[in-house]
>>> print(open('run-v5.txt').read())   # compact mmCIF, N, CA and C atoms
# COMPACT_ATOMS: atom_id res chain seq x y z
N MET A 22 -0.51 -18.37 13.36
CA MET A 22 -0.22 -17.55 12.20
C MET A 22 -1.45 -16.75 11.76
N GLU A 23 -2.63 -17.32 12.00
CA GLU A 23 -3.86 -16.66 11.58
C GLU A 23 -4.04 -15.32 12.31
N ILE A 24 -3.72 -15.29 13.58
CA ILE A 24 -3.84 -14.06 14.35
C ILE A 24 -2.86 -13.01 13.83
N LEU A 25 -1.65 -13.44 13.50
CA LEU A 25 -0.65 -12.53 12.95
C LEU A 25 -1.16 -11.93 11.62
N ALA A 26 -1.74 -12.76 10.79
CA ALA A 26 -2.29 -12.27 9.52
C ALA A 26 -3.39 -11.25 9.78
N TYR A 27 -4.26 -11.51 10.74
CA TYR A 27 -5.36 -10.58 11.05
C TYR A 27 -4.82 -9.24 11.54
N VAL A 28 -3.80 -9.28 12.38
CA VAL A 28 -3.21 -8.03 12.90
C VAL A 28 -2.56 -7.25 11.76
N PHE A 29 -1.77 -7.93 10.94
CA PHE A 29 -1.12 -7.26 9.81
C PHE A 29 -2.16 -6.72 8.83
N GLN A 30 -3.24 -7.48 8.61
CA GLN A 30 -4.32 -7.01 7.74
C GLN A 30 -4.90 -5.71 8.28
N ALA A 31 -5.16 -5.66 9.57
CA ALA A 31 -5.74 -4.46 10.17
C ALA A 31 -4.83 -3.25 9.98
N ILE A 32 -3.54 -3.45 10.20
CA ILE A 32 -2.57 -2.36 10.00
C ILE A 32 -2.59 -1.90 8.55
N LEU A 33 -2.56 -2.86 7.62
CA LEU A 33 -2.54 -2.52 6.19
C LEU A 33 -3.84 -1.83 5.76
N ILE A 34 -4.97 -2.31 6.27
CA ILE A 34 -6.25 -1.70 5.92
C ILE A 34 -6.26 -0.24 6.35
N LEU A 35 -5.87 0.01 7.58
CA LEU A 35 -5.87 1.39 8.09
C LEU A 35 -4.91 2.29 7.32
N MET A 36 -3.70 1.83 7.13
CA MET A 36 -2.70 2.67 6.48
C MET A 36 -3.03 2.94 5.02
N PHE A 37 -3.39 1.90 4.28
CA PHE A 37 -3.66 2.09 2.86
C PHE A 37 -4.99 2.80 2.62
N ALA A 38 -5.98 2.56 3.47
CA ALA A 38 -7.25 3.28 3.31
C ALA A 38 -7.04 4.77 3.55
N MET A 39 -6.30 5.12 4.60
CA MET A 39 -6.04 6.55 4.87
C MET A 39 -5.22 7.18 3.75
N ALA A 40 -4.17 6.48 3.31
CA ALA A 40 -3.34 7.02 2.23
C ALA A 40 -4.12 7.12 0.93
N GLY A 41 -4.91 6.11 0.63
CA GLY A 41 -5.69 6.11 -0.60
C GLY A 41 -6.73 7.22 -0.62
N ILE A 42 -7.43 7.41 0.48
CA ILE A 42 -8.42 8.49 0.56
C ILE A 42 -7.73 9.84 0.41
N GLY A 43 -6.58 10.00 1.07
CA GLY A 43 -5.82 11.25 0.96
C GLY A 43 -5.41 11.55 -0.47
N LYS A 44 -5.03 10.51 -1.19
CA LYS A 44 -4.64 10.70 -2.60
C LYS A 44 -5.85 11.05 -3.47
N VAL A 45 -6.95 10.36 -3.27
CA VAL A 45 -8.14 10.59 -4.10
C VAL A 45 -8.72 11.98 -3.88
N VAL A 46 -8.78 12.41 -2.62
CA VAL A 46 -9.36 13.74 -2.34
C VAL A 46 -8.36 14.86 -2.60
N GLY A 47 -7.10 14.53 -2.81
CA GLY A 47 -6.10 15.54 -3.16
C GLY A 47 -5.53 16.30 -2.00
N SER A 48 -5.19 15.60 -0.92
CA SER A 48 -4.57 16.28 0.22
C SER A 48 -3.25 16.92 -0.23
N GLU A 49 -2.93 18.02 0.37
CA GLU A 49 -1.76 18.81 -0.03
C GLU A 49 -0.49 17.96 -0.02
N MET A 50 -0.34 17.13 0.99
CA MET A 50 0.86 16.30 1.11
C MET A 50 1.02 15.39 -0.11
N HIS A 51 -0.07 14.76 -0.54
CA HIS A 51 0.01 13.84 -1.67
C HIS A 51 0.19 14.58 -2.99
N VAL A 52 -0.48 15.71 -3.15
CA VAL A 52 -0.31 16.49 -4.37
C VAL A 52 1.15 16.92 -4.50
N GLU A 53 1.72 17.44 -3.42
CA GLU A 53 3.12 17.87 -3.45
C GLU A 53 4.07 16.68 -3.67
N GLY A 54 3.73 15.53 -3.07
CA GLY A 54 4.56 14.34 -3.25
C GLY A 54 4.64 13.93 -4.71
N PHE A 55 3.50 13.89 -5.37
CA PHE A 55 3.49 13.48 -6.78
C PHE A 55 4.16 14.51 -7.66
N GLU A 56 4.09 15.77 -7.30
CA GLU A 56 4.84 16.80 -8.03
C GLU A 56 6.33 16.58 -7.84
N HIS A 57 6.75 16.31 -6.61
CA HIS A 57 8.16 16.05 -6.30
C HIS A 57 8.69 14.86 -7.10
N TRP A 58 7.86 13.82 -7.23
CA TRP A 58 8.28 12.62 -7.94
C TRP A 58 8.11 12.74 -9.44
N ARG A 59 7.61 13.90 -9.88
CA ARG A 59 7.37 14.17 -11.31
C ARG A 59 6.39 13.16 -11.92
N LEU A 60 5.35 12.87 -11.17
CA LEU A 60 4.29 11.99 -11.65
C LEU A 60 3.02 12.80 -11.84
N PRO A 61 2.21 12.48 -12.85
CA PRO A 61 1.00 13.25 -13.11
C PRO A 61 -0.04 13.08 -12.00
N GLN A 62 -0.87 14.08 -11.83
CA GLN A 62 -1.87 14.05 -10.77
C GLN A 62 -2.94 12.98 -11.01
N TRP A 63 -3.22 12.64 -12.27
CA TRP A 63 -4.18 11.57 -12.51
C TRP A 63 -3.65 10.25 -11.97
N PHE A 64 -2.33 10.09 -11.95
CA PHE A 64 -1.73 8.87 -11.43
C PHE A 64 -1.86 8.82 -9.91
N ARG A 65 -1.87 9.98 -9.26
CA ARG A 65 -2.11 10.07 -7.81
C ARG A 65 -3.50 9.52 -7.51
N VAL A 66 -4.49 9.94 -8.29
CA VAL A 66 -5.86 9.49 -8.08
C VAL A 66 -5.97 7.98 -8.34
N LEU A 67 -5.36 7.52 -9.42
CA LEU A 67 -5.38 6.09 -9.74
C LEU A 67 -4.72 5.28 -8.63
N THR A 68 -3.59 5.76 -8.13
CA THR A 68 -2.89 5.07 -7.04
C THR A 68 -3.78 5.02 -5.80
N GLY A 69 -4.46 6.11 -5.52
CA GLY A 69 -5.37 6.15 -4.37
C GLY A 69 -6.49 5.14 -4.51
N ILE A 70 -7.05 5.04 -5.70
CA ILE A 70 -8.13 4.07 -5.94
C ILE A 70 -7.62 2.65 -5.75
N VAL A 71 -6.44 2.37 -6.27
CA VAL A 71 -5.85 1.03 -6.12
C VAL A 71 -5.64 0.72 -4.63
N GLU A 72 -5.16 1.70 -3.87
CA GLU A 72 -4.94 1.49 -2.43
C GLU A 72 -6.26 1.25 -1.70
N ILE A 73 -7.30 1.97 -2.04
CA ILE A 73 -8.60 1.78 -1.40
C ILE A 73 -9.17 0.40 -1.75
N VAL A 74 -9.05 0.02 -3.01
CA VAL A 74 -9.54 -1.30 -3.43
C VAL A 74 -8.76 -2.41 -2.72
N GLY A 75 -7.44 -2.25 -2.63
CA GLY A 75 -6.62 -3.24 -1.93
C GLY A 75 -7.02 -3.36 -0.46
N ALA A 76 -7.25 -2.22 0.19
CA ALA A 76 -7.68 -2.23 1.59
C ALA A 76 -9.05 -2.90 1.73
N ALA A 77 -9.96 -2.63 0.79
CA ALA A 77 -11.29 -3.26 0.83
C ALA A 77 -11.18 -4.77 0.65
N LEU A 78 -10.31 -5.21 -0.25
CA LEU A 78 -10.10 -6.65 -0.45
C LEU A 78 -9.57 -7.30 0.83
N LEU A 79 -8.66 -6.61 1.51
CA LEU A 79 -8.15 -7.15 2.77
C LEU A 79 -9.25 -7.23 3.82
N LEU A 80 -10.13 -6.25 3.84
CA LEU A 80 -11.24 -6.26 4.80
C LEU A 80 -12.18 -7.43 4.51
N ILE A 81 -12.54 -7.62 3.26
CA ILE A 81 -13.38 -8.76 2.87
C ILE A 81 -12.65 -10.06 3.18
N GLY A 82 -11.33 -10.02 3.12
CA GLY A 82 -10.51 -11.21 3.37
C GLY A 82 -10.63 -11.79 4.76
N TYR A 83 -11.18 -11.04 5.71
CA TYR A 83 -11.42 -11.61 7.04
C TYR A 83 -12.44 -12.75 6.94
N TRP A 84 -13.34 -12.68 5.97
CA TRP A 84 -14.37 -13.71 5.79
C TRP A 84 -14.08 -14.62 4.61
N ALA A 85 -13.34 -14.11 3.63
CA ALA A 85 -13.01 -14.90 2.43
C ALA A 85 -11.52 -14.77 2.16
N PRO A 86 -10.71 -15.71 2.64
CA PRO A 86 -9.25 -15.60 2.57
C PRO A 86 -8.67 -15.32 1.19
N SER A 87 -9.32 -15.79 0.12
CA SER A 87 -8.77 -15.54 -1.20
C SER A 87 -8.77 -14.04 -1.53
N TYR A 88 -9.73 -13.30 -0.97
CA TYR A 88 -9.75 -11.86 -1.17
C TYR A 88 -8.58 -11.20 -0.43
N ALA A 89 -8.24 -11.73 0.73
CA ALA A 89 -7.09 -11.19 1.47
C ALA A 89 -5.81 -11.40 0.68
N MET A 90 -5.69 -12.57 0.06
CA MET A 90 -4.51 -12.83 -0.77
C MET A 90 -4.44 -11.84 -1.92
N ALA A 91 -5.57 -11.62 -2.58
CA ALA A 91 -5.59 -10.69 -3.72
C ALA A 91 -5.26 -9.27 -3.26
N GLY A 92 -5.86 -8.84 -2.17
CA GLY A 92 -5.59 -7.50 -1.66
C GLY A 92 -4.15 -7.31 -1.24
N ALA A 93 -3.60 -8.32 -0.56
CA ALA A 93 -2.20 -8.24 -0.13
C ALA A 93 -1.27 -8.19 -1.33
N LEU A 94 -1.58 -8.96 -2.37
CA LEU A 94 -0.74 -8.95 -3.57
C LEU A 94 -0.81 -7.59 -4.28
N VAL A 95 -2.02 -7.05 -4.42
CA VAL A 95 -2.19 -5.72 -5.04
C VAL A 95 -1.41 -4.67 -4.27
N LEU A 96 -1.54 -4.69 -2.94
CA LEU A 96 -0.85 -3.67 -2.14
C LEU A 96 0.66 -3.90 -2.08
N GLY A 97 1.08 -5.15 -2.12
CA GLY A 97 2.51 -5.43 -2.17
C GLY A 97 3.15 -4.92 -3.45
N ILE A 98 2.48 -5.14 -4.57
CA ILE A 98 2.99 -4.64 -5.85
C ILE A 98 2.95 -3.11 -5.88
N THR A 99 1.90 -2.54 -5.32
CA THR A 99 1.82 -1.08 -5.22
C THR A 99 2.96 -0.55 -4.35
N GLY A 100 3.26 -1.28 -3.28
CA GLY A 100 4.37 -0.90 -2.42
C GLY A 100 5.71 -0.93 -3.14
N ILE A 101 5.91 -1.94 -3.98
CA ILE A 101 7.14 -2.00 -4.77
C ILE A 101 7.23 -0.78 -5.67
N GLY A 102 6.12 -0.40 -6.28
CA GLY A 102 6.10 0.82 -7.10
C GLY A 102 6.47 2.05 -6.30
N GLY A 103 5.96 2.13 -5.08
CA GLY A 103 6.29 3.26 -4.21
C GLY A 103 7.77 3.29 -3.84
N ILE A 104 8.32 2.12 -3.55
CA ILE A 104 9.74 2.04 -3.22
C ILE A 104 10.59 2.49 -4.40
N VAL A 105 10.27 1.99 -5.58
CA VAL A 105 11.01 2.38 -6.78
C VAL A 105 10.90 3.88 -7.01
N THR A 106 9.71 4.43 -6.79
CA THR A 106 9.51 5.87 -6.96
C THR A 106 10.42 6.66 -6.02
N HIS A 107 10.47 6.25 -4.75
CA HIS A 107 11.33 6.94 -3.78
C HIS A 107 12.80 6.82 -4.15
N ILE A 108 13.22 5.66 -4.61
CA ILE A 108 14.62 5.47 -5.01
C ILE A 108 14.94 6.33 -6.22
N ARG A 109 14.03 6.33 -7.20
CA ARG A 109 14.25 7.12 -8.42
C ARG A 109 14.36 8.61 -8.11
N ALA A 110 13.59 9.07 -7.11
CA ALA A 110 13.61 10.49 -6.73
C ALA A 110 14.74 10.80 -5.75
N LYS A 111 15.52 9.77 -5.39
CA LYS A 111 16.63 9.93 -4.44
C LYS A 111 16.16 10.46 -3.09
N ASP A 112 14.98 9.97 -2.66
CA ASP A 112 14.48 10.32 -1.33
C ASP A 112 15.32 9.61 -0.28
N THR A 113 15.27 10.11 0.93
CA THR A 113 16.04 9.51 2.02
C THR A 113 15.42 8.17 2.43
N PHE A 114 16.20 7.38 3.14
CA PHE A 114 15.70 6.10 3.64
C PHE A 114 14.51 6.32 4.56
N LYS A 115 14.57 7.38 5.36
CA LYS A 115 13.47 7.70 6.28
C LYS A 115 12.18 7.94 5.51
N GLU A 116 12.26 8.59 4.37
CA GLU A 116 11.07 8.86 3.55
C GLU A 116 10.54 7.59 2.89
N THR A 117 11.41 6.62 2.68
CA THR A 117 11.06 5.38 2.00
C THR A 117 10.62 4.29 2.98
N LEU A 118 10.98 4.44 4.24
CA LEU A 118 10.79 3.37 5.22
C LEU A 118 9.33 2.93 5.37
N THR A 119 8.40 3.86 5.42
CA THR A 119 7.00 3.49 5.64
C THR A 119 6.48 2.58 4.55
N ILE A 120 6.68 2.95 3.29
CA ILE A 120 6.17 2.11 2.20
C ILE A 120 6.94 0.80 2.14
N LEU A 121 8.20 0.80 2.52
CA LEU A 121 8.98 -0.44 2.57
C LEU A 121 8.36 -1.42 3.58
N ILE A 122 8.05 -0.92 4.76
CA ILE A 122 7.44 -1.77 5.80
C ILE A 122 6.07 -2.26 5.36
N LEU A 123 5.27 -1.38 4.76
CA LEU A 123 3.94 -1.77 4.31
C LEU A 123 4.01 -2.82 3.19
N ALA A 124 4.97 -2.68 2.31
CA ALA A 124 5.13 -3.68 1.25
C ALA A 124 5.53 -5.03 1.84
N ILE A 125 6.44 -5.02 2.78
CA ILE A 125 6.86 -6.27 3.44
C ILE A 125 5.68 -6.91 4.15
N LEU A 126 4.91 -6.12 4.91
CA LEU A 126 3.73 -6.65 5.61
C LEU A 126 2.73 -7.24 4.62
N SER A 127 2.56 -6.57 3.48
CA SER A 127 1.63 -7.06 2.46
C SER A 127 2.05 -8.43 1.96
N PHE A 128 3.33 -8.59 1.67
CA PHE A 128 3.80 -9.89 1.17
C PHE A 128 3.76 -10.95 2.26
N ILE A 129 3.98 -10.57 3.51
CA ILE A 129 3.85 -11.53 4.61
C ILE A 129 2.41 -12.04 4.69
N VAL A 130 1.44 -11.12 4.62
CA VAL A 130 0.03 -11.53 4.64
C VAL A 130 -0.27 -12.45 3.46
N PHE A 131 0.21 -12.08 2.29
CA PHE A 131 -0.01 -12.92 1.10
C PHE A 131 0.50 -14.33 1.33
N PHE A 132 1.73 -14.44 1.81
CA PHE A 132 2.32 -15.77 1.98
C PHE A 132 1.71 -16.55 3.13
N ILE A 133 1.22 -15.88 4.17
CA ILE A 133 0.53 -16.59 5.25
C ILE A 133 -0.72 -17.27 4.68
N TYR A 134 -1.46 -16.55 3.85
CA TYR A 134 -2.66 -17.13 3.27
C TYR A 134 -2.33 -18.14 2.17
N TYR A 135 -1.25 -17.91 1.48
CA TYR A 135 -0.85 -18.79 0.37
C TYR A 135 -0.43 -20.17 0.88
N LEU A 136 0.28 -20.16 2.02
CA LEU A 136 0.78 -21.43 2.57
C LEU A 136 -0.26 -22.08 3.37
>>> encode(input="run-v5.txt", output="structure tokens")
Amino acid sequence: MEILAYVFQAILILMFAMAGIGKVVGSEMHVEGFEHWRLPQWFRVLTGIVEIVGAALLLIGYWAPSYAMAGALVLGITGIGGIVTHIRAKDTFKETLTILILAILSFIVFFIYYL
């Protein structure tokens, strides 16, 4: 199970770090996304910071498992927020699928470390 957690952590670190950096620096895709969802741009930056912090916690979690649990929980809750946002905006399942998978992976990592 430990190897599975490490692999899922790596995937989550890469995905959330890239997404978080894109949100913080204001990539066109993220700016347009938050406009589409009718969310303020300051919330885009805040979301990006939360994603970067969560990814950093997962990275530290390779050496200190409690940090991995915290990072996975932060990113899992962030993922739930993303899913709700997509549902509220009536986005397609295809548009929602990525954050759904990332949220599930986050909770799997959390529970692997929790148990």
>>> axis_aligned_box(input="run-v5.txt", around="range 24-42 of chain A", padding_each_side="8 Å", output="JSON")
{"center_x": -4.5, "center_y": -2.7, "center_z": 6.9, "size_x": 23.8, "size_y": 41.1, "size_z": 31.0}
>>> closest_atom_pairs(input="run-v5.txt", of="range 92-133 of chain A", to="range 33-57 of chain A", cutoff="8 Å", atoms="only C-alpha atoms", output="tab-separated table")
residue	atom	partner	partner_atom	distance
A:Ala110	CA	A:His57	CA	7.8
A:Leu123	CA	A:Leu33	CA	6.8
A:Leu126	CA	A:Leu33	CA	7.5
A:Ser127	CA	A:Leu33	CA	7.2
>>> write_last_selection(input="run-v5.txt", atoms="N, CA and C atoms", output="compact mmCIF listing (two decimals), keeping the file's coordinate frame")
# COMPACT_ATOMS: atom_id res chain seq x y z
N ALA A 110 13.59 9.07 -7.11
CA ALA A 110 13.61 10.49 -6.73
C ALA A 110 14.74 10.80 -5.75
N LEU A 123 5.27 -1.38 4.76
CA LEU A 123 3.94 -1.77 4.31
C LEU A 123 4.01 -2.82 3.19
N LEU A 126 4.91 -6.12 4.91
CA LEU A 126 3.73 -6.65 5.61
C LEU A 126 2.73 -7.24 4.62
N SER A 127 2.56 -6.57 3.48
CA SER A 127 1.63 -7.06 2.46
C SER A 127 2.05 -8.43 1.96
>>> atom_distance(input="run-v5.txt", atom1="atom N of Arg65 in chain A", atom2="atom N of Val95 in chain A")
17.7 Å
>>> closest_residue(input="run-v5.txt", among="A:Val105, A:Ala93, A:Glu72, A:Ala31", to="Ile129 in chain A", atoms="only N, CA and C atoms")
A:Ala93
>>> closest_residue(input="run-v5.txt", among="A:Trp63, A:Gly92, A:Gly100, A:Ile133", to="Ala77 in chain A", atoms="all atoms listed in the file")
A:Gly92
>>> closest_residue(input="run-v5.txt", among="A:Phe64, A:His107, A:Gly97, A:Ser87", to="Phe128 in chain A", atoms="all atoms listed in the file")
A:Gly97
>>> atom_distance(input="run-v5.txt", atom1="atom N of Ile108 in chain A", atom2="atom N of Gly69 in chain A")
17.7 Å
>>> atom_distance(input="run-v5.txt", atom1="CA of Ile70 in chain A", atom2="CA of Leu25 in chain A")
26.2 Å
>>> closest_residue(input="run-v5.txt", among="A:Met90, A:Val28, A:Ile81, A:Leu121", to="Ile104 in chain A", atoms="all atoms listed in the file")
A:Leu121
>>> closest_residue(input="run-v5.txt", among="A:Ile24, A:Val74, A:Ala89, A:Leu80", to="Tyr135 in chain A", atoms="all atoms listed in the file")
A:Ala89
